[in-house]
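**Student:** Below is data-v4.cif; it holds mmCIF, C-alpha atoms.
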data_start
#
loop_
_atom_site.group_PDB
_atom_site.id
_atom_site.type_symbol
_atom_site.label_atom_id
_atom_site.label_comp_id
_atom_site.auth_asym_id
_atom_site.auth_seq_id
_atom_site.Cartn_x
_atom_site.Cartn_y
_atom_site.Cartn_z
ATOM 1 C CA MET A 14 156.414 133.190 69.472
ATOM 2 C CA ASN A 15 153.481 134.543 71.468
ATOM 3 C CA LYS A 16 150.083 136.152 71.056
ATOM 4 C CA LYS A 17 151.677 139.605 70.502
ATOM 5 C CA ASN A 18 153.599 138.296 67.497
ATOM 6 C CA PHE A 19 150.457 136.801 65.953
ATOM 7 C CA ASN A 20 148.318 139.863 66.545
ATOM 8 C CA ASN A 21 151.054 142.162 65.234
ATOM 9 C CA ALA A 22 151.533 139.986 62.163
ATOM 10 C CA LEU A 23 147.787 139.980 61.503
ATOM 11 C CA GLU A 24 147.574 143.764 61.929
ATOM 12 C CA ASN A 25 150.485 144.281 59.499
ATOM 13 C CA TYR A 26 148.923 141.867 57.020
ATOM 14 C CA LEU A 27 145.593 143.689 57.138
ATOM 15 C CA ASP A 28 147.348 147.042 56.693
ATOM 16 C CA PHE A 29 149.096 145.671 53.603
ATOM 17 C CA LEU A 30 145.800 144.458 52.138
ATOM 18 C CA LYS A 31 144.118 147.800 52.804
ATOM 19 C CA LYS A 32 146.955 149.838 51.290
ATOM 20 C CA ASN A 33 146.759 147.728 48.136
ATOM 21 C CA ASN A 34 142.953 147.897 47.967
ATOM 22 C CA ILE A 35 142.653 144.125 48.419
ATOM 23 C CA PHE A 36 140.990 144.074 51.846
ATOM 24 C CA LYS A 37 137.392 142.860 52.070
ATOM 25 C CA LYS A 38 135.706 142.712 55.458
ATOM 26 C CA LYS A 39 133.809 139.531 54.578
ATOM 27 C CA ASN A 40 137.163 137.746 54.136
ATOM 28 C CA LEU A 41 138.531 138.676 57.562
ATOM 29 C CA ILE A 42 138.362 135.094 58.851
ATOM 30 C CA ASN A 43 140.334 133.886 55.806
ATOM 31 C CA TYR A 44 143.047 136.504 56.355
ATOM 32 C CA SER A 45 143.441 135.336 59.939
ATOM 33 C CA THR A 46 143.487 131.617 59.144
ATOM 34 C CA SER A 47 146.062 132.079 56.387
ATOM 35 C CA LEU A 48 148.474 133.325 59.074
ATOM 36 C CA GLU A 49 147.354 130.756 61.648
ATOM 37 C CA ARG A 50 148.358 127.930 59.292
ATOM 38 C CA ILE A 51 151.868 129.007 58.371
ATOM 39 C CA GLU A 52 153.517 129.260 61.784
ATOM 40 C CA ASN A 53 153.474 127.845 65.288
ATOM 41 C CA TRP A 54 152.504 131.011 67.158
ATOM 42 C CA LYS A 55 152.737 129.335 70.561
ATOM 43 C CA SER A 56 155.776 129.772 72.796
ATOM 44 C CA LYS A 57 156.696 126.103 72.288
ATOM 45 C CA ASN A 58 155.954 123.126 70.051
ATOM 46 C CA GLU A 59 153.225 120.996 71.681
ATOM 47 C CA LEU A 60 152.835 118.363 68.959
ATOM 48 C CA LYS A 61 154.421 115.628 71.067
ATOM 49 C CA SER A 62 152.027 116.222 73.971
ATOM 50 C CA ILE A 63 149.060 116.270 71.541
ATOM 51 C CA ILE A 64 150.093 112.900 70.092
ATOM 52 C CA ASN A 65 150.536 111.578 73.644
ATOM 53 C CA TRP A 66 146.992 112.760 74.431
ATOM 54 C CA TYR A 67 145.675 110.984 71.323
ATOM 55 C CA ASP A 68 147.497 107.763 72.259
ATOM 56 C CA TRP A 69 146.156 108.032 75.822
ATOM 57 C CA VAL A 70 142.552 108.310 74.600
ATOM 58 C CA ASN A 71 143.075 105.491 72.103
ATOM 59 C CA LYS A 72 144.510 103.082 74.674
ATOM 60 C CA ARG A 73 141.501 103.638 76.922
ATOM 61 C CA ASN A 74 139.028 102.886 74.166
ATOM 62 C CA LYS A 75 137.583 99.453 74.954
ATOM 63 C CA ALA A 76 135.274 99.154 71.945
ATOM 64 C CA LYS A 77 135.471 95.948 69.925
ATOM 65 C CA ILE A 78 134.180 95.556 66.375
ATOM 66 C CA LYS A 79 133.073 92.196 65.031
ATOM 67 C CA ARG A 80 131.924 91.489 61.480
ATOM 68 C CA ILE A 81 128.498 89.827 61.289
ATOM 69 C CA LYS A 82 126.113 88.827 58.507
ATOM 70 C CA LEU A 83 123.735 91.543 57.311
ATOM 71 C CA ASP A 84 120.687 89.423 58.101
ATOM 72 C CA LYS A 85 121.866 89.007 61.702
ATOM 73 C CA MET A 86 121.968 92.740 62.548
ATOM 74 C CA ASN A 87 119.763 93.844 65.425
ATOM 75 C CA LYS A 88 117.109 96.491 64.558
ATOM 76 C CA TRP A 89 117.988 96.394 60.843
ATOM 77 C CA ASN A 90 115.525 94.785 58.440
ATOM 78 C CA PHE A 91 115.333 93.928 54.764
ATOM 79 C CA ASP A 92 112.488 95.364 52.696
ATOM 80 C CA HIS A 93 111.777 92.466 50.312
ATOM 81 C CA GLU A 94 109.382 94.464 48.143
ATOM 82 C CA ASN A 95 111.779 97.376 47.486
ATOM 83 C CA GLY A 96 115.042 95.516 48.003
ATOM 84 C CA PHE A 97 116.938 97.537 50.635
ATOM 85 C CA TYR A 98 118.084 97.335 54.243
ATOM 86 C CA PHE A 99 116.699 99.905 56.692
ATOM 87 C CA HIS A 100 116.688 100.717 60.403
ATOM 88 C CA GLU A 101 113.483 99.829 62.244
ATOM 89 C CA SER A 102 113.063 103.505 63.197
ATOM 90 C CA LYS A 103 113.105 104.390 59.474
ATOM 91 C CA SER A 104 115.797 106.935 60.347
ATOM 92 C CA PHE A 105 119.579 106.924 59.833
ATOM 93 C CA PHE A 106 120.199 105.460 56.356
ATOM 94 C CA ARG A 107 119.307 102.675 53.936
ATOM 95 C CA ILE A 108 121.553 100.281 52.003
ATOM 96 C CA GLU A 109 120.244 100.307 48.431
ATOM 97 C CA GLY A 110 121.368 98.843 45.128
ATOM 98 C CA TYR A 111 121.909 101.066 42.074
ATOM 99 C CA ARG A 112 122.738 100.372 38.441
ATOM 100 C CA THR A 113 124.841 102.882 36.499
ATOM 101 C CA LEU A 114 124.557 103.008 32.697
ATOM 102 C CA ASN A 115 126.365 104.918 29.927
ATOM 103 C CA ALA A 116 129.086 106.200 32.259
ATOM 104 C CA SER A 117 132.262 107.812 30.916
ATOM 105 C CA ARG A 118 134.415 105.855 33.347
ATOM 106 C CA GLU A 119 136.701 102.796 33.324
ATOM 107 C CA VAL A 120 133.632 100.754 32.360
ATOM 108 C CA LYS A 121 130.313 102.000 30.983
ATOM 109 C CA GLN A 122 127.998 100.237 33.404
ATOM 110 C CA TRP A 123 128.026 98.513 36.774
ATOM 111 C CA ASP A 124 125.919 97.642 39.830
ATOM 112 C CA GLN A 125 126.803 98.578 43.388
ATOM 113 C CA PRO A 126 125.308 99.179 46.845
ATOM 114 C CA PHE A 127 124.954 102.768 48.102
ATOM 115 C CA ILE A 128 124.382 104.287 51.523
ATOM 116 C CA THR A 129 121.319 106.524 51.192
ATOM 117 C CA GLN A 130 120.775 108.937 54.099
ATOM 118 C CA VAL A 131 117.119 109.390 55.004
ATOM 119 C CA GLY A 132 116.313 112.895 53.740
ATOM 120 C CA TYR A 133 119.755 113.076 52.067
ATOM 121 C CA ILE A 134 120.992 115.668 54.633
ATOM 122 C CA GLY A 135 123.261 113.621 56.872
ATOM 123 C CA GLY A 136 124.056 115.744 59.882
ATOM 124 C CA ILE A 137 126.129 118.530 61.383
ATOM 125 C CA ILE A 138 129.888 118.873 61.134
ATOM 126 C CA GLY A 139 130.501 121.687 63.613
ATOM 127 C CA LEU A 140 133.696 123.447 64.650
ATOM 128 C CA ILE A 141 134.015 125.915 67.522
ATOM 129 C CA ARG A 142 136.706 128.606 67.371
ATOM 130 C CA LYS A 143 137.938 130.481 70.424
ATOM 131 C CA LYS A 144 140.857 132.771 71.171
ATOM 132 C CA ILE A 145 143.041 131.412 73.961
ATOM 133 C CA ASN A 146 145.751 133.808 75.126
ATOM 134 C CA GLY A 147 144.965 135.870 72.032
ATOM 135 C CA LEU A 148 145.556 132.994 69.593
ATOM 136 C CA PRO A 149 142.655 131.272 67.750
ATOM 137 C CA HIS A 150 142.110 127.632 68.741
ATOM 138 C CA TYR A 151 139.578 125.055 67.529
ATOM 139 C CA LEU A 152 137.775 122.529 69.703
ATOM 140 C CA THR A 153 138.459 118.979 68.538
ATOM 141 C CA GLU A 154 137.456 115.572 69.831
ATOM 142 C CA ALA A 155 139.380 112.298 69.792
ATOM 143 C CA LYS A 156 136.301 110.460 68.529
ATOM 144 C CA PHE A 157 135.580 106.763 68.142
ATOM 145 C CA GLU A 158 133.787 105.459 65.059
ATOM 146 C CA PRO A 159 133.663 101.693 64.398
ATOM 147 C CA GLY A 160 135.006 102.107 60.858
ATOM 148 C CA ASN A 161 137.818 104.509 61.748
ATOM 149 C CA TYR A 162 141.391 103.644 60.938
ATOM 150 C CA ASN A 163 142.925 103.008 64.372
ATOM 151 C CA LYS A 164 139.408 103.418 65.883
ATOM 152 C CA ILE A 165 140.048 106.997 67.123
ATOM 153 C CA GLN A 166 140.361 110.053 64.875
ATOM 154 C CA ILE A 167 140.814 113.719 65.821
ATOM 155 C CA SER A 168 137.466 115.129 64.742
ATOM 156 C CA PRO A 169 135.440 118.376 64.765
ATOM 157 C CA SER A 170 133.678 119.714 67.875
ATOM 158 C CA VAL A 171 130.382 118.199 66.705
ATOM 159 C CA GLN A 172 130.158 115.286 64.266
ATOM 160 C CA ALA A 173 126.762 113.634 64.277
ATOM 161 C CA THR A 174 123.810 112.752 62.075
ATOM 162 C CA TYR A 175 120.465 114.401 62.735
ATOM 163 C CA SER A 176 119.165 110.973 63.763
ATOM 164 C CA ASN A 177 121.829 110.816 66.474
ATOM 165 C CA LEU A 178 121.295 114.444 67.532
ATOM 166 C CA ASN A 179 117.552 113.719 67.829
ATOM 167 C CA ARG A 180 118.470 110.664 69.921
ATOM 168 C CA ILE A 181 116.609 108.155 67.745
ATOM 169 C CA HIS A 182 119.018 105.569 69.169
ATOM 170 C CA GLN A 183 118.024 106.703 72.711
ATOM 171 C CA GLY A 184 121.674 107.452 73.405
ATOM 172 C CA LYS A 185 123.397 110.258 75.271
ATOM 173 C CA LYS A 186 122.634 113.900 74.507
ATOM 174 C CA ASN A 187 125.319 115.832 72.598
ATOM 175 C CA LYS A 188 126.580 118.397 75.114
ATOM 176 C CA ILE A 189 128.579 120.513 72.654
ATOM 177 C CA LEU A 190 125.719 121.213 70.229
ATOM 178 C CA LYS A 191 124.201 123.934 72.450
ATOM 179 C CA HIS A 192 127.446 125.952 72.231
ATOM 180 C CA LEU A 193 127.337 125.695 68.450
ATOM 181 C CA LEU A 194 123.773 127.034 68.420
ATOM 182 C CA LYS A 195 124.533 129.983 70.728
ATOM 183 C CA SER A 196 127.780 131.195 69.129
ATOM 184 C CA GLU A 197 128.539 133.626 66.312
ATOM 185 C CA THR A 198 128.434 131.924 62.914
ATOM 186 C CA LEU A 199 131.525 132.339 60.721
ATOM 187 C CA VAL A 200 130.713 129.794 58.007
ATOM 188 C CA LYS A 201 127.582 127.689 57.440
ATOM 189 C CA LYS A 202 127.379 125.660 54.237
ATOM 190 C CA LEU A 203 126.108 122.320 52.982
ATOM 191 C CA GLN A 204 128.930 120.174 51.623
ATOM 192 C CA SER A 205 128.659 116.933 49.659
ATOM 193 C CA GLU A 206 129.872 113.511 50.772
ATOM 194 C CA ASP A 207 131.768 110.992 48.635
ATOM 195 C CA GLY A 208 129.503 110.151 45.686
ATOM 196 C CA GLY A 209 131.163 106.782 45.191
ATOM 197 C CA ARG A 210 129.615 105.407 48.398
ATOM 198 C CA PHE A 211 126.833 107.823 49.426
ATOM 199 C CA MET A 212 123.786 108.670 47.297
ATOM 200 C CA ASN A 213 123.303 112.480 47.112
ATOM 201 C CA LYS A 214 124.344 112.924 50.743
ATOM 202 C CA ARG A 215 125.311 116.317 52.150
ATOM 203 C CA ASN A 216 126.360 117.487 55.617
ATOM 204 C CA LEU A 217 125.941 120.923 57.154
ATOM 205 C CA HIS A 218 129.419 122.345 57.835
ATOM 206 C CA TRP A 219 129.140 124.996 60.528
ATOM 207 C CA ILE A 220 131.997 127.032 62.018
ATOM 208 C CA VAL A 221 131.302 129.376 64.922
ATOM 209 C CA GLU A 222 133.288 131.592 67.281
ATOM 210 C CA THR A 223 132.771 131.995 71.004
ATOM 211 C CA ASP A 224 134.362 133.650 74.014
ATOM 212 C CA LYS A 225 132.442 131.499 76.506
ATOM 213 C CA GLU A 226 133.801 128.710 78.678
ATOM 214 C CA ILE A 227 132.917 125.261 77.383
ATOM 215 C CA GLU A 228 132.854 122.302 79.734
ATOM 216 C CA THR A 229 134.419 119.246 78.099
ATOM 217 C CA ASN A 230 135.900 115.891 79.046
ATOM 218 C CA GLN A 231 139.380 114.496 78.374
ATOM 219 C CA LYS A 232 138.480 113.415 74.842
ATOM 220 C CA PHE A 233 138.349 117.063 73.752
ATOM 221 C CA LYS A 234 141.281 119.361 73.058
ATOM 222 C CA TRP A 235 141.753 122.914 71.770
ATOM 223 C CA LEU A 236 144.187 122.926 68.829
ATOM 224 C CA THR A 237 145.553 125.635 66.556
ATOM 225 C CA LEU A 238 145.308 125.471 62.779
ATOM 226 C CA TRP A 239 149.056 124.979 62.545
ATOM 227 C CA GLU A 240 148.823 121.978 64.886
ATOM 228 C CA ILE A 241 145.945 120.434 62.925
ATOM 229 C CA LYS A 242 147.860 120.879 59.670
ATOM 230 C CA LYS A 243 150.990 119.272 61.111
ATOM 231 C CA LEU A 244 149.025 116.361 62.603
ATOM 232 C CA SER A 245 147.389 115.761 59.204
ATOM 233 C CA ARG A 246 150.831 115.312 57.685
ATOM 234 C CA LEU A 247 152.470 113.343 60.480
ATOM 235 C CA LYS A 248 149.975 110.530 61.063
ATOM 236 C CA SER A 249 146.630 109.169 59.856
ATOM 237 C CA ILE A 250 144.845 110.482 62.942
ATOM 238 C CA VAL A 251 142.903 113.519 61.639
ATOM 239 C CA SER A 252 139.409 112.665 60.423
ATOM 240 C CA PRO A 253 138.222 113.494 56.889
ATOM 241 C CA HIS A 254 135.414 115.600 58.378
ATOM 242 C CA LEU A 255 137.907 117.822 60.210
ATOM 243 C CA ARG A 256 140.064 118.160 57.099
ATOM 244 C CA SER A 257 136.952 118.980 55.063
ATOM 245 C CA ILE A 258 135.585 121.685 57.344
ATOM 246 C CA MET A 259 139.009 123.324 57.695
ATOM 247 C CA SER A 260 139.047 123.819 53.917
ATOM 248 C CA LEU A 261 136.214 126.355 54.274
ATOM 249 C CA ILE A 262 138.510 128.772 56.096
#
Could you write out this structure as structure tokens?
**Tutor:**
Amino acid sequence: MNKKNFNNALENYLDFLKKNNIFKKKNLINYSTSLERIENWKSKNELKSIINWYDWVNKRNKAKIKRIKLDKMNKWNFDHENGFYFHESKSFFRIEGYRTLNASREVKQWDQPFITQVGYIGGIIGLIRKKINGLPHYLTEAKFEPGNYNKIQISPSVQATYSNLNRIHQGKKNKILKHLLKSETLVKKLQSEDGGRFMNKRNLHWIVETDKEIETNQKFKWLTLWEIKKLSRLKSIVSPHLRSIMSLI
């Protein structure tokens, strides 16, 4: 299939919705993505080459993760008065203890540690959409996180806490963020994190569309919705943040 097939299918779908008085302009992105998901609109199946790209990035990742004692962590300190671990910058997050009482769960009460984001708003989960040869694609990154299964996960265009974006760690500047800020917003909503590990944490999920060229490195790849859906089912290589933000469209 090619771009003409997709565009024709979308036009016919929209005509059907309009004739049946179902069409709503505000839902245009959802009408498009519903078609994007159900079929491989490219001229050939590129899943094998995408998996090869993922494996290539993963093999070149030299990061090593070693478990250490909490009291041996550099730049992390324990607040003896209030009983939590925190970063010396007082940014990022804290590790705090909480006690739950009178819960309608497997047991009525328990104690556990929680990750508490400073300010409770964690960061930006951003996804950039662009039509390539007439077919919508989404910019993804084969991103390393130390706690990732298999170290590398296919992730959104931008996936970073505000502490990282503000370079509290004095690290590299995020080069994709500027494209997110300058593009047309399709969806922008705060979404909650897992309440079993994070205390009241939310992330800003932000999907934009652009027609501009974006300079990237070999860790980034433009994928269709159909490809992302198939990859999610084939292997454990698509990050929860990418799966989460895709649910908004």
**Student:** Interatomic distance between atom CA of Thr237 of chain A and atom CA of Tyr151 of chain A?
**Tutor:**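 The value is 6.1 Å.
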**Student:** Would you compute, for all listed atoms of segment 206-225 of chain A, the axis-aligned bounding box grown by 4 Å on each side, and then report its centre and edge lengths in Å rounded to one decimal, as JSON?
**Tutor:**
{"center_x": 128.8, "center_y": 119.5, "center_z": 60.8, "size_x": 19.1, "size_y": 36.2, "size_z": 39.3}
**Student:** Please report, as JSON lines, each residue of segment 14-112 of chain A lying at most 10 Å from segment 196-210 of chain A, together with the nearest pair of atoms and the separation in Å rounded to one decimal; use all atoms listed in the file, and order rows by chain and ascending residue number.
**Tutor:**
{"residue": "A:Lys39", "atom": "CA", "partner": "A:Leu199", "partner_atom": "CA", "distance": 9.7}
{"residue": "A:Leu41", "atom": "CA", "partner": "A:Leu199", "partner_atom": "CA", "distance": 10.0}
{"residue": "A:Ile42", "atom": "CA", "partner": "A:Leu199", "partner_atom": "CA", "distance": 7.6}
**Student:** Got a sec: who's within 9 Å of Tyr44 of chain A, counting all atoms listed in the file, leaving out chain neighbours fewer than 4 positions off, as a VMD selection string?
**Tutor:** chain A and resid 23 26 to 27 40 48 to 49 262
**Student:** Which residues are close to Glu226 of chain A, i.e. within 12 Å by only C-alpha atoms, leaving aside same-chain residues fewer than 5 positions away? Reply as a VMD selection string.
**Tutor:** chain A and resid 141 to 145 152 189 192 196
**Student:** Expand the PyMOL selection byres ((chain A and resi 70-77) around 8) into the individual residues it matches in the shown file, reporting them as a PyMOL selection string.
**Tutor:** chain A and resi 66-69+78-79+155+157+164-165+231-232
**Student:** Record the distance separating atom CA of Asn25 of chain A and atom CA of Trp235 of chain A, expressed in Å with one decimal.
**Tutor:** 26.1 Å
**Student:** Just checking: using only C-alpha atoms, which residue out of A:Ser252, A:Asp28, A:Ser117, A:Lys57 ends up closest to Tyr162 of chain A?
**Tutor:**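 Answer, going by the shortest atom-to-atom distance: A:Ser252.
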**Student:** Using all atoms listed in the file, which protein or nucleic acid residues come within 7 Å of Phe105 of chain A? Drop anything in the same chain fewer than 4 positions from it, and give the result as number ranges by chain.
**Tutor:** A: 100, 130-131, 176
**Student:** Which residue gives the smallest distance to Leu217 of chain A among A:Asn53, A:Thr174, A:Thr113, A:Gln122, with all atoms listed in the file counted?
**Tutor:** A:Thr174
**Student:** If the PyMOL selection byres ((chain A and resi 110) around 8) is run on the structure shown, which residues does it catch, given as a compact mmCIF listing (two decimals) with C-alpha atoms, keeping the file's coordinate frame?
**Tutor:**
# COMPACT_ATOMS: atom_id res chain seq x y z
CA GLY A 96 115.04 95.52 48.00
CA PHE A 97 116.94 97.54 50.64
CA ILE A 108 121.55 100.28 52.00
CA GLU A 109 120.24 100.31 48.43
CA TYR A 111 121.91 101.07 42.07
CA ARG A 112 122.74 100.37 38.44
CA ASP A 124 125.92 97.64 39.83
CA GLN A 125 126.80 98.58 43.39
CA PRO A 126 125.31 99.18 46.84
CA PHE A 127 124.95 102.77 48.10
**Student:** I want to know what sits within 12 Å of Trp54 of chain A, based on only C-alpha atoms, with residues of the same chain fewer than 2 positions away left out; could you give that as a PyMOL selection string?
**Tutor:** chain A and resi 14-23+48-52+56-59+145-150+236-240
**Student:** Just how far from atom CA of Ile35 of chain A is atom CA of Leu255 of chain A, in Å to one decimal?
**Tutor:**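 Distance between the two atoms: 29.2 Å.
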**Student:** Taking only C-alpha atoms into account, name the residue in A:Leu60, A:Met212, A:Leu247, A:Leu30 that is nearest to Phe106 of chain A.
**Tutor:**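 Of A:Leu60, A:Met212, A:Leu247, A:Leu30, the one nearest Phe106 of chain A is A:Met212, counting only C-alpha atoms.
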**Student:** Within 9 Å of Thr229 of chain A, counting only C-alpha atoms, which residues qualify if same-chain residues fewer than 4 places away don't, as a list in words?
**Tutor:** Lys188, Ile189, Phe233 and Lys234 of chain A
**Student:** Between A:Ile63, A:Ile134, A:Ile241, A:Leu114, which residue has the minimum interatomic distance to Asn213 of chain A, considering only C-alpha atoms?
**Tutor:**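 Under the stated criterion, the closest residue is A:Ile134.
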**Student:** In terms of the shortest atom-to-atom distance over only C-alpha atoms, which of A:Ser45, A:Trp123, A:Val251, A:Lys82 is closest to Lys156 of chain A?
**Tutor:**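 That would be A:Val251, the residue with the smallest distance to Lys156 of chain A.
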**Student:** Because the input lacks atoms here, generate N, CA and C atoms for segment 64-86 of chain A and report them as a CSV table (one decimal), in the frame of the given file.
**Tutor:**
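And here's rebuild-v2.csv as it stands now:
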chain,number,residue,atom,x,y,z
A,64,ILE,N,150.1,114.3,70.5
A,64,ILE,CA,150.1,112.9,70.1
A,64,ILE,C,150.0,112.0,71.3
A,65,ASN,N,150.6,112.4,72.4
A,65,ASN,CA,150.5,111.6,73.6
A,65,ASN,C,149.1,111.5,74.2
A,66,TRP,N,148.4,112.7,74.0
A,66,TRP,CA,147.0,112.8,74.4
A,66,TRP,C,146.2,111.8,73.5
A,67,TYR,N,146.4,111.9,72.3
A,67,TYR,CA,145.7,111.0,71.3
A,67,TYR,C,145.9,109.5,71.7
A,68,ASP,N,147.2,109.1,71.9
A,68,ASP,CA,147.5,107.8,72.3
A,68,ASP,C,146.8,107.4,73.6
A,69,TRP,N,146.8,108.3,74.5
A,69,TRP,CA,146.2,108.0,75.8
A,69,TRP,C,144.7,107.7,75.7
A,70,VAL,N,144.0,108.5,74.8
A,70,VAL,CA,142.6,108.3,74.6
A,70,VAL,C,142.4,107.0,73.9
A,71,ASN,N,143.2,106.7,72.9
A,71,ASN,CA,143.1,105.5,72.1
A,71,ASN,C,143.3,104.2,72.9
A,72,LYS,N,144.2,104.3,73.8
A,72,LYS,CA,144.5,103.1,74.7
A,72,LYS,C,143.4,102.8,75.6
A,73,ARG,N,142.6,103.8,76.0
A,73,ARG,CA,141.5,103.6,76.9
A,73,ARG,C,140.2,103.3,76.2
A,74,ASN,N,140.2,103.3,74.9
A,74,ASN,CA,139.0,102.9,74.2
A,74,ASN,C,138.9,101.4,74.2
A,75,LYS,N,137.8,100.9,74.8
A,75,LYS,CA,137.6,99.5,75.0
A,75,LYS,C,136.6,98.9,73.9
A,76,ALA,N,136.2,99.6,72.9
A,76,ALA,CA,135.3,99.2,71.9
A,76,ALA,C,135.9,98.0,71.1
A,77,LYS,N,135.1,97.0,70.8
A,77,LYS,CA,135.5,95.9,69.9
A,77,LYS,C,134.5,95.9,68.8
A,78,ILE,N,135.0,95.6,67.6
A,78,ILE,CA,134.2,95.6,66.4
A,78,ILE,C,134.3,94.2,65.8
A,79,LYS,N,133.1,93.6,65.6
A,79,LYS,CA,133.1,92.2,65.0
A,79,LYS,C,132.2,92.2,63.8
A,80,ARG,N,132.7,91.6,62.7
A,80,ARG,CA,131.9,91.5,61.5
A,80,ARG,C,130.8,90.4,61.6
A,81,ILE,N,129.6,90.8,61.2
A,81,ILE,CA,128.5,89.8,61.3
A,81,ILE,C,127.8,89.8,60.0
A,82,LYS,N,126.9,88.9,59.7
A,82,LYS,CA,126.1,88.8,58.5
A,82,LYS,C,125.0,89.9,58.5
A,83,LEU,N,124.7,90.5,57.4
A,83,LEU,CA,123.7,91.5,57.3
A,83,LEU,C,122.4,91.1,57.9
A,84,ASP,N,122.0,89.9,57.6
A,84,ASP,CA,120.7,89.4,58.1
A,84,ASP,C,120.7,89.1,59.6
A,85,LYS,N,121.8,89.3,60.3
A,85,LYS,CA,121.9,89.0,61.7
A,85,LYS,C,121.9,90.3,62.5
A,86,MET,N,121.9,91.5,61.8
A,86,MET,CA,122.0,92.7,62.5
A,86,MET,C,120.7,93.1,63.3
